[in-house]
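The next block is work_33.txt, given as compact mmCIF, C-alpha atoms.
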```txt
# COMPACT_ATOMS: atom_id res chain seq x y z
CA MET A 1 -8.56 -43.24 -52.97
CA SER A 2 -8.27 -39.89 -51.31
CA GLU A 3 -5.11 -38.99 -49.51
CA VAL A 4 -5.18 -38.34 -45.79
CA SER A 5 -5.07 -34.60 -45.24
CA ARG A 6 -2.01 -33.42 -43.45
CA PRO A 7 -1.31 -30.02 -41.97
CA SER A 8 0.56 -27.94 -44.47
CA VAL A 9 3.54 -25.78 -43.78
CA LEU A 10 1.30 -22.73 -43.93
CA ASP A 11 -1.04 -24.23 -41.35
CA MET A 12 1.85 -24.98 -39.02
CA SER A 13 3.25 -21.49 -39.38
CA ALA A 14 -0.17 -20.00 -38.76
CA ALA A 15 -0.58 -21.98 -35.55
CA GLU A 16 2.91 -21.29 -34.29
CA PRO A 17 2.39 -17.62 -33.31
CA VAL A 18 -0.63 -18.59 -31.20
CA ILE A 19 1.41 -21.11 -29.22
CA ALA A 20 4.30 -18.68 -28.99
CA ARG A 21 2.05 -15.95 -27.73
CA ARG A 22 0.73 -18.21 -25.00
CA ARG A 23 4.24 -19.12 -23.91
CA ARG A 24 5.46 -15.54 -24.02
CA PHE A 25 2.73 -14.32 -21.69
CA ARG A 26 5.07 -14.56 -18.74
CA LEU A 27 6.90 -12.22 -16.45
CA SER A 28 10.56 -11.72 -17.11
CA LEU A 29 13.11 -12.84 -14.54
CA PRO A 30 13.75 -9.29 -13.19
CA ALA A 31 9.98 -8.82 -12.79
CA LYS A 32 9.68 -12.10 -10.91
CA VAL A 33 12.53 -11.13 -8.59
CA ALA A 34 10.93 -7.72 -8.05
CA ALA A 35 7.57 -9.32 -7.29
CA GLY A 36 9.19 -11.66 -4.78
CA LEU A 37 10.96 -8.76 -3.08
CA LEU A 38 7.71 -6.80 -2.82
CA VAL A 39 5.92 -9.81 -1.35
CA LEU A 40 8.65 -10.07 1.29
CA LEU A 41 8.45 -6.36 2.10
CA TYR A 42 4.67 -6.34 2.47
CA ALA A 43 4.76 -9.57 4.49
CA ALA A 44 7.38 -8.05 6.79
CA ALA A 45 5.19 -4.98 7.25
CA LEU A 46 2.14 -7.13 7.96
CA PHE A 47 3.93 -9.24 10.56
CA ALA A 48 6.01 -6.40 12.02
CA PRO A 49 4.93 -7.05 15.66
CA PHE A 50 6.18 -10.63 15.32
CA LEU A 51 9.38 -9.93 13.39
CA ALA A 52 10.47 -6.81 15.27
CA PRO A 53 12.38 -7.65 18.45
CA TYR A 54 11.43 -4.37 20.16
CA SER A 55 8.75 -1.73 20.17
CA PRO A 56 9.45 1.12 17.73
CA GLN A 57 9.11 3.64 20.57
CA LEU A 58 11.34 1.79 23.05
CA GLN A 59 14.35 3.94 23.93
CA ASP A 60 17.70 2.75 25.23
CA ARG A 61 19.26 6.00 26.37
CA GLU A 62 22.46 4.23 27.38
CA HIS A 63 23.11 3.08 23.80
CA PRO A 64 22.44 5.93 21.32
CA PHE A 65 23.85 5.33 17.85
CA HIS A 66 24.85 1.80 18.81
CA PRO A 67 26.32 -0.04 15.80
CA PRO A 68 24.71 -3.27 14.52
CA THR A 69 25.17 -6.04 17.06
CA LYS A 70 27.67 -8.74 16.16
CA LEU A 71 26.25 -12.26 16.24
CA HIS A 72 28.27 -15.15 17.62
CA TRP A 73 27.55 -18.78 16.75
CA SER A 74 29.88 -20.83 18.94
CA GLY A 75 27.65 -23.32 20.77
CA GLY A 76 24.50 -21.63 19.52
CA PRO A 77 23.63 -18.05 18.59
CA PHE A 78 24.41 -15.41 21.21
CA VAL A 79 25.41 -11.77 21.59
CA ARG A 80 27.73 -10.11 24.02
CA GLY A 81 27.10 -7.11 26.18
CA SER A 82 28.51 -3.76 25.15
CA VAL A 83 30.01 -0.87 27.08
CA VAL A 84 30.81 2.66 26.03
CA ALA A 85 34.44 2.94 24.95
CA ASP A 86 34.36 6.61 23.92
CA PRO A 87 31.39 8.68 25.14
CA LEU A 88 32.23 11.69 22.94
CA ARG A 89 32.46 9.67 19.73
CA ARG A 90 29.78 7.21 20.86
CA GLN A 91 31.96 4.19 20.27
CA TYR A 92 31.23 0.84 21.92
CA ARG A 93 33.12 -2.36 22.62
CA GLU A 94 31.97 -5.83 23.61
CA ASP A 95 32.42 -7.14 27.15
CA ALA A 96 32.55 -10.70 28.42
CA ALA A 97 28.82 -11.05 29.21
CA VAL A 98 27.05 -13.63 27.04
CA TYR A 99 23.32 -13.46 26.20
CA ARG A 100 21.71 -16.33 24.35
CA LEU A 101 19.25 -15.81 21.51
CA HIS A 102 15.87 -17.54 21.53
CA VAL A 103 13.28 -17.96 18.78
CA PHE A 104 9.51 -17.77 19.18
CA ARG A 105 9.73 -16.19 22.60
CA HIS A 106 7.30 -13.67 24.13
CA GLY A 107 5.48 -13.25 20.81
CA HIS A 108 8.61 -12.38 18.81
CA LEU A 109 10.56 -14.31 16.22
CA PHE A 110 13.82 -13.91 18.13
CA GLU A 111 14.89 -12.35 21.40
CA ALA A 112 18.06 -12.07 23.49
CA ASP A 113 18.25 -12.86 27.17
CA ALA A 114 17.86 -9.75 29.32
CA PRO A 115 19.61 -7.42 29.76
CA GLY A 116 21.29 -8.25 26.45
CA ARG A 117 20.26 -6.34 23.36
CA LEU A 118 20.13 -7.40 19.71
CA TYR A 119 20.33 -4.43 17.33
CA LEU A 120 20.47 -5.90 13.83
CA LEU A 121 20.71 -2.46 12.19
CA GLY A 122 21.96 -0.46 15.16
CA THR A 123 20.10 2.29 17.02
CA ASP A 124 19.26 5.93 16.34
CA GLU A 125 20.05 8.99 18.43
CA PHE A 126 17.48 8.00 21.08
CA GLY A 127 18.66 4.40 21.30
CA ARG A 128 15.67 3.02 19.38
CA ASP A 129 16.18 -0.14 17.35
CA VAL A 130 16.42 0.84 13.66
CA PHE A 131 15.37 -2.62 12.45
CA SER A 132 12.17 -2.58 14.51
CA ARG A 133 11.32 0.96 13.40
CA LEU A 134 12.01 -0.01 9.80
CA LEU A 135 9.45 -2.81 9.97
CA TYR A 136 6.81 -0.66 11.65
CA GLY A 137 7.57 2.24 9.32
CA ALA A 138 6.94 -0.05 6.35
CA ARG A 139 3.32 -0.40 7.47
CA ILE A 140 2.81 3.32 6.84
CA SER A 141 5.08 3.95 3.87
CA LEU A 142 4.00 0.87 1.90
CA SER A 143 0.29 1.11 2.68
CA VAL A 144 0.23 4.76 1.57
CA GLY A 145 0.98 3.57 -1.96
CA LEU A 146 -1.85 1.02 -2.04
CA ALA A 147 -4.43 3.30 -0.42
CA GLY A 148 -3.44 6.23 -2.61
CA ILE A 149 -3.62 4.14 -5.79
CA LEU A 150 -7.09 2.89 -4.86
CA ILE A 151 -8.49 6.40 -4.41
CA THR A 152 -6.60 7.98 -7.32
CA TYR A 153 -7.57 5.33 -9.82
CA VAL A 154 -11.22 5.42 -8.83
CA LEU A 155 -11.21 9.20 -9.44
CA GLY A 156 -9.12 8.96 -12.60
CA LEU A 157 -11.20 6.19 -14.15
CA LEU A 158 -14.48 7.89 -13.24
CA PHE A 159 -13.59 11.39 -14.42
CA GLY A 160 -11.65 10.19 -17.46
CA GLY A 161 -14.45 7.83 -18.45
CA LEU A 162 -17.11 10.52 -18.10
CA ALA A 163 -15.07 13.07 -20.06
CA GLY A 164 -14.29 10.67 -22.90
CA TYR A 165 -17.78 9.24 -23.18
CA PHE A 166 -19.95 12.35 -22.88
CA ARG A 167 -17.48 14.86 -24.39
CA GLY A 168 -18.83 18.38 -24.79
CA SER A 169 -19.17 20.50 -21.66
CA VAL A 170 -18.49 17.55 -19.33
CA ASP A 171 -15.18 16.94 -21.09
CA THR A 172 -14.29 20.63 -20.98
CA VAL A 173 -14.95 21.06 -17.25
CA LEU A 174 -13.20 17.88 -16.15
CA MET A 175 -10.16 18.21 -18.40
CA ARG A 176 -9.62 21.90 -17.67
CA SER A 177 -9.77 21.07 -13.95
CA SER A 178 -7.17 18.35 -14.42
CA GLU A 179 -4.95 20.72 -16.40
CA VAL A 180 -5.08 23.26 -13.58
CA LEU A 181 -3.88 20.57 -11.14
CA MET A 182 -1.15 19.43 -13.52
CA SER A 183 0.09 22.99 -14.11
CA VAL A 184 1.11 23.38 -10.46
CA PRO A 185 4.31 21.53 -9.39
CA SER A 186 3.10 18.54 -7.42
CA LEU A 187 5.45 18.96 -4.45
CA TYR A 188 4.42 22.58 -3.88
CA LEU A 189 0.76 21.67 -4.24
CA ILE A 190 1.15 18.81 -1.75
CA LEU A 191 2.84 21.11 0.77
CA ALA A 192 0.17 23.79 0.26
CA LEU A 193 -2.64 21.30 0.88
CA ARG A 194 -0.82 19.92 3.92
CA ALA A 195 -0.63 23.45 5.34
CA LEU A 196 -4.44 23.48 5.52
CA PHE A 197 -4.35 20.91 8.35
CA PRO A 198 -3.16 21.57 11.91
CA VAL A 199 0.38 20.53 12.76
CA ASP A 200 -0.56 18.57 15.89
CA LEU A 201 -2.94 16.09 14.27
CA PRO A 202 -2.94 12.55 15.70
CA SER A 203 -0.91 10.06 13.70
CA GLY A 204 -3.95 8.17 12.41
CA VAL A 205 -5.69 11.33 11.19
CA LEU A 206 -2.47 12.63 9.69
CA TYR A 207 -1.98 9.35 7.82
CA VAL A 208 -5.44 9.66 6.26
CA ALA A 209 -4.74 13.31 5.42
CA VAL A 210 -1.50 12.39 3.63
CA VAL A 211 -3.26 9.69 1.60
CA MET A 212 -6.07 12.04 0.60
CA ILE A 213 -3.66 14.83 -0.37
CA LEU A 214 -1.57 12.56 -2.57
CA SER A 215 -4.68 11.06 -4.17
CA LEU A 216 -6.25 14.42 -4.96
CA VAL A 217 -3.05 15.71 -6.53
CA LEU A 218 -2.15 12.71 -8.69
CA TRP A 219 -5.47 11.72 -10.31
CA ALA A 220 -5.34 14.33 -13.08
CA SER A 221 -2.73 12.76 -15.37
CA LEU A 222 -4.46 9.39 -15.22
CA ALA A 223 -7.83 10.94 -16.06
CA ARG A 224 -6.42 12.52 -19.22
CA ILE A 225 -4.98 9.21 -20.43
CA ILE A 226 -8.21 7.31 -19.68
CA ARG A 227 -10.18 9.99 -21.48
CA GLY A 228 -8.12 9.47 -24.65
CA MET A 229 -8.59 5.71 -24.47
CA VAL A 230 -12.34 6.04 -23.92
CA LEU A 231 -12.66 8.37 -26.92
CA SER A 232 -11.47 5.55 -29.17
CA ILE A 233 -13.22 2.69 -27.36
CA ARG A 234 -16.64 4.38 -27.46
CA GLU A 235 -16.62 4.21 -31.27
CA LEU A 236 -16.30 0.42 -31.37
CA ASP A 237 -19.20 -1.71 -32.57
CA TYR A 238 -19.94 -3.51 -29.32
CA VAL A 239 -20.34 -0.16 -27.53
CA HIS A 240 -22.84 1.01 -30.16
CA ALA A 241 -24.63 -2.34 -29.84
CA ALA A 242 -24.97 -1.89 -26.06
CA GLU A 243 -26.35 1.60 -26.59
CA ALA A 244 -28.81 0.31 -29.20
CA LEU A 245 -30.05 -2.31 -26.72
CA GLY A 246 -30.94 0.48 -24.28
CA ALA A 247 -28.08 0.27 -21.81
CA SER A 248 -27.68 3.40 -19.70
CA PRO A 249 -24.57 5.56 -20.19
CA MET A 250 -23.12 4.62 -16.79
CA ARG A 251 -23.67 0.91 -17.52
CA VAL A 252 -21.93 1.28 -20.88
CA ILE A 253 -19.00 3.08 -19.24
CA LEU A 254 -18.63 0.70 -16.30
CA ARG A 255 -19.38 -2.60 -18.09
CA HIS A 256 -18.15 -2.11 -21.64
CA VAL A 257 -15.70 0.80 -21.85
CA LEU A 258 -13.56 0.97 -18.71
CA PRO A 259 -12.89 -2.80 -18.49
CA ASN A 260 -11.04 -2.52 -21.80
CA THR A 261 -8.53 -0.20 -20.14
CA ALA A 262 -7.71 -2.84 -17.51
CA SER A 263 -4.30 -3.88 -18.90
CA PHE A 264 -3.13 -0.27 -19.00
CA VAL A 265 -4.53 0.45 -15.54
CA ILE A 266 -2.74 -2.55 -13.99
CA VAL A 267 0.61 -1.53 -15.43
CA ALA A 268 0.15 2.16 -14.69
CA ALA A 269 -0.91 1.45 -11.11
CA THR A 270 2.20 -0.65 -10.53
CA LEU A 271 4.42 2.08 -11.92
CA SER A 272 2.61 4.79 -9.93
CA VAL A 273 2.92 3.26 -6.46
CA PRO A 274 6.49 4.61 -6.00
CA ALA A 275 5.20 8.16 -6.49
CA TYR A 276 2.94 7.78 -3.46
CA ILE A 277 5.65 6.19 -1.36
CA LEU A 278 8.09 8.95 -2.27
CA GLY A 279 5.40 11.57 -1.64
CA GLU A 280 4.89 10.30 1.92
CA VAL A 281 8.65 10.08 2.40
CA ALA A 282 9.10 13.66 1.21
CA LEU A 283 6.36 14.99 3.50
CA SER A 284 7.66 13.12 6.53
CA PHE A 285 11.26 14.07 5.70
CA LEU A 286 10.26 17.74 5.60
CA GLY A 287 8.35 17.44 8.87
CA ALA A 288 4.92 17.84 7.25
CA GLY A 289 3.96 14.16 7.20
CA VAL A 290 3.80 11.46 9.85
CA GLN A 291 5.32 12.80 13.04
CA GLU A 292 7.45 11.25 15.76
CA PRO A 293 7.26 9.00 17.68
CA THR A 294 5.31 7.09 14.99
CA ALA A 295 7.81 5.50 12.65
CA SER A 296 7.78 5.96 8.89
CA TRP A 297 10.58 5.69 6.40
CA GLY A 298 10.43 9.41 5.75
CA ASN A 299 10.84 10.67 9.32
CA MET A 300 13.50 8.02 9.95
CA LEU A 301 15.55 9.58 7.16
CA ARG A 302 15.50 12.99 8.82
CA GLU A 303 18.46 11.96 10.95
CA ALA A 304 20.47 11.41 7.75
CA GLN A 305 20.34 15.14 6.96
CA ASN A 306 23.39 15.66 9.16
CA VAL A 307 26.41 14.69 7.05
CA PRO A 308 28.80 14.13 10.01
CA VAL A 309 26.21 11.88 11.68
CA LEU A 310 25.68 9.98 8.44
CA ALA A 311 29.42 9.54 7.91
CA THR A 312 29.95 8.30 11.46
CA PHE A 313 26.81 6.17 11.81
CA PRO A 314 26.00 4.95 8.25
CA TRP A 315 23.32 2.48 9.41
CA ILE A 316 21.00 5.48 9.85
CA LEU A 317 20.64 5.39 6.05
CA ALA A 318 18.95 1.96 6.15
CA PRO A 319 15.47 3.43 5.36
CA GLY A 320 16.92 5.07 2.25
CA VAL A 321 18.27 1.73 1.03
CA VAL A 322 14.86 0.08 1.56
CA ILE A 323 13.09 2.95 -0.24
CA PHE A 324 15.48 2.59 -3.17
CA LEU A 325 14.90 -1.17 -3.40
CA THR A 326 11.13 -0.76 -3.13
CA VAL A 327 10.91 1.86 -5.89
CA LEU A 328 13.25 -0.18 -8.10
CA ALA A 329 11.16 -3.32 -7.53
CA PHE A 330 7.92 -1.58 -8.48
CA ASN A 331 9.51 -0.21 -11.64
CA PHE A 332 10.84 -3.63 -12.69
CA LEU A 333 7.48 -5.24 -11.93
CA GLY A 334 5.64 -2.57 -13.91
CA ASP A 335 7.93 -3.03 -16.91
CA GLY A 336 7.46 -6.80 -16.73
CA LEU A 337 3.67 -6.51 -16.57
CA ARG A 338 3.67 -4.07 -19.47
CA ASP A 339 5.65 -6.49 -21.65
CA ALA A 340 3.48 -9.45 -20.61
CA LEU A 341 0.14 -7.71 -21.16
CA ASP A 342 0.98 -5.83 -24.36
CA PRO A 343 -0.22 -7.95 -27.31
CA ARG A 344 1.88 -5.97 -29.78
CA SER A 345 5.11 -6.66 -27.94
CA ALA A 346 4.07 -10.32 -27.49
CA GLY A 347 3.84 -10.74 -31.23
CA THR A 348 7.19 -9.14 -31.99
CA ARG A 349 9.46 -10.64 -29.35
CA ALA A 350 11.29 -13.77 -30.33
```
Would you write the structure of this file as structure tokens?
Amino acid sequence: MSEVSRPSVLDMSAAEPVIARRRRFRLSLPAKVAAGLLVLLYAAALFAPFLAPYSPQLQDREHPFHPPTKLHWSGGPFVRGSVVADPLRRQYREDAAVYRLHVFRHGHLFEADAPGRLYLLGTDEFGRDVFSRLLYGARISLSVGLAGILITYVLGLLFGGLAGYFRGSVDTVLMRSSEVLMSVPSLYLILALRALFPVDLPSGVLYVAVVMILSLVLWASLARIIRGMVLSIRELDYVHAAEALGASPMRVILRHVLPNTASFVIVAATLSVPAYILGEVALSFLGAGVQEPTASWGNMLREAQNVPVLATFPWILAPGVVIFLTVLAFNFLGDGLRDALDPRSAGTRA
């Protein structure tokens, strides 16, 4: 009578890594927190007209550099009126007037009774609400990263794939062109390309110009990495099989070669978004990017150049804090995706 076969210890140990690998294909806690923060930031930018209590261009000349409004909760949320206590130092104090806060009023999430004002993050030198401008500025600064990544990675994948697959003269021309771009410091090259456009461009045209400049400057390093990956992938058996079946070179590149770089591209794109955001911030901060009165995080930071102003009115630095958190979140998310998508690290982590 034959014994019932049972899984041996070797069989169990052989199956265990497979189960472990499936379980380990998860984002780490910092990556999850970073992803949640980025979702909130992009949602806030998308719904800026609803979340922002005021227009980003609305000026309150009677309240420049007004500090963040204090909320009161006795009997329901309300704010008090404010009067100038020291015109020279731009200091304010509350008066006895009470203005109730309302939600879902006039197309906004919250609003104070007129003529009361609710400045969650204070105002700038023109009396414009910093919180409202921060939300509207996010629409430009955050979308620059996504639009720039889309264009850059199309160029990088295309040129890198062509150079790695065809090699020879195609490889020489494309890679030498990328090396010329990489040899010039990126900030100087960005400023030089920006100088080709008129200063008084409309905000929409200037936004497109900034995206195109950043994309054209930053595709070179990606193309070189993709080219190295394609050089190894093109020697695999399934690529030779597709060529033997008569597939055209572009079909082989687009259907069989480049898809195998997807895990790297996803991680690299996540880690590259901050470069585009910081590029737009740098251009706007230097006066070569998005111009006033259109709000962006970069031109909002220009007021923080004055140290006495920054020391007296620290809420002006709010865009810098949001930029720091955004860049940090993208870096944590990129690291988490890299660990989750890398099969070598999945097999070695306990």
Long-range neighbours of A:Leu341 as a list in words, 7 Å cut-off, all atoms listed in the file, 3 positions minimum in chain: Ser263, Leu337 and Arg338 of chain A
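For the residues A:Ser284, A:Gly334, A:Ala97, A:Pro68, ranking by smallest atom-to-atom distance to A:Tyr207 using only C-alpha atoms places A:Ser284 first.
Taking atom CA of A:Phe78 as the reference point, atom CA of A:Arg139 is found at 29.3 Å.
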9 Å contact set for A:Ser215, all atoms listed in the file, chain neighbours under 6 positions out, as a PDB file with C-alpha atoms, keeping the file's coordinate frame:
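The resulting file, result-v1.pdb, is reproduced below:
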```pdb
ATOM      1  CA  ALA A 147      -4.430   3.300  -0.420  1.00  0.00           C
ATOM      2  CA  GLY A 148      -3.440   6.230  -2.610  1.00  0.00           C
ATOM      3  CA  ILE A 149      -3.620   4.140  -5.790  1.00  0.00           C
ATOM      4  CA  LEU A 150      -7.090   2.890  -4.860  1.00  0.00           C
ATOM      5  CA  ILE A 151      -8.490   6.400  -4.410  1.00  0.00           C
ATOM      6  CA  THR A 152      -6.600   7.980  -7.320  1.00  0.00           C
ATOM      7  CA  TYR A 153      -7.570   5.330  -9.820  1.00  0.00           C
ATOM      8  CA  LEU A 155     -11.210   9.200  -9.440  1.00  0.00           C
ATOM      9  CA  TYR A 276       2.940   7.780  -3.460  1.00  0.00           C
TER      10      TYR A 276
END
```
field: Polymer residues at most 6 Å from stretch 315-332 of chain A, all atoms listed in the file, same-chain spacing of 3 or more positions, as a ChimeraX atom specification
entry: /A:31,34,271,274,297,335
- prompt: Any idea what's packed within 10 Å of A:Tyr92, counting only C-alpha atoms, ignoring anything in its chain fewer than 4 positions away? Could you give it as JSON, numbers by chain?
  reply: {"A": [63, 65, 66, 67, 81, 82, 83, 84, 85, 86, 87]}
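Here the question is which of A:Leu216, A:Tyr188, A:Val170, A:Ser28 gets nearest to A:Asp339 using all atoms listed in the file, and that residue is A:Ser28.
Considering only C-alpha atoms, the residue among A:Ala268, A:Val211, A:Tyr54, A:Leu38 positioned nearest to A:Ile225 is A:Ala268.
Counting all atoms listed in the file, the residue from A:Phe197, A:Gly164, A:Leu206, A:Leu158 that sits nearest to A:Thr294 is A:Leu206.
Using only C-alpha atoms for every distance, the candidate list A:His72, A:Ala209, A:Tyr99, A:Ser141 yields A:Ala209 as the residue closest to A:Leu196.
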message: I need the residue nearest A:Ala269 from this list: A:Gly145, A:Ala192, A:Asn306, A:Arg224. Use only C-alpha atoms for the distance.
response: A:Gly145
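If you look at atom CA of A:Tyr165 and atom CA of A:Met212, they are 26.7 Å away from each other.
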Leaving out A:Gly76 and any residue of its chain fewer than 3 positions from it, which residues lie within 9 Å of it when counting all atoms listed in the file, given as a PDB file with C-alpha atoms, in the coordinates of the input?
```pdb
ATOM      1  CA  HIS A  72      28.270 -15.150  17.620  1.00  0.00           C
ATOM      2  CA  TRP A  73      27.550 -18.780  16.750  1.00  0.00           C
ATOM      3  CA  ARG A 100      21.710 -16.330  24.350  1.00  0.00           C
ATOM      4  CA  LEU A 101      19.250 -15.810  21.510  1.00  0.00           C
TER       5      LEU A 101
END
```
- prompt: To one decimal place, how far is atom CA of A:Pro198 from atom CA of A:Glu179 in Å?
  reply: 28.4 Å
Local residues around (7.2, -6.7, 13.6), at most 9 Å away, using only C-alpha atoms, as a PyMOL selection string: chain A and resi 44-55+108-109+132-133+135-136
Please, can stretch 182-193 of chain A be completed to N, CA and C atoms and returned as a compact mmCIF listing (two decimals), in the frame of the given file?
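That gives us rebuild31.txt:
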```
# COMPACT_ATOMS: atom_id res chain seq x y z
N MET A 182 -2.42 19.84 -12.94
CA MET A 182 -1.15 19.43 -13.52
C MET A 182 -0.22 20.61 -13.77
N SER A 183 -0.76 21.82 -13.86
CA SER A 183 0.09 22.99 -14.11
C SER A 183 0.87 23.42 -12.88
N VAL A 184 0.42 23.02 -11.69
CA VAL A 184 1.11 23.38 -10.46
C VAL A 184 2.09 22.27 -10.11
N PRO A 185 3.36 22.59 -9.81
CA PRO A 185 4.31 21.53 -9.39
C PRO A 185 3.75 20.73 -8.23
N SER A 186 3.79 19.42 -8.37
CA SER A 186 3.10 18.54 -7.42
C SER A 186 3.60 18.70 -5.99
N LEU A 187 4.93 18.85 -5.81
CA LEU A 187 5.45 18.96 -4.45
C LEU A 187 4.94 20.21 -3.76
N TYR A 188 4.92 21.33 -4.48
CA TYR A 188 4.42 22.58 -3.88
C TYR A 188 2.93 22.49 -3.58
N LEU A 189 2.20 21.83 -4.47
CA LEU A 189 0.76 21.67 -4.24
C LEU A 189 0.51 20.78 -3.04
N ILE A 190 1.29 19.71 -2.90
CA ILE A 190 1.15 18.81 -1.75
C ILE A 190 1.43 19.56 -0.45
N LEU A 191 2.50 20.36 -0.44
CA LEU A 191 2.84 21.11 0.77
C LEU A 191 1.77 22.16 1.08
N ALA A 192 1.21 22.79 0.04
CA ALA A 192 0.17 23.79 0.26
C ALA A 192 -1.09 23.15 0.85
N LEU A 193 -1.47 21.99 0.34
CA LEU A 193 -2.64 21.30 0.88
C LEU A 193 -2.38 20.81 2.30
```
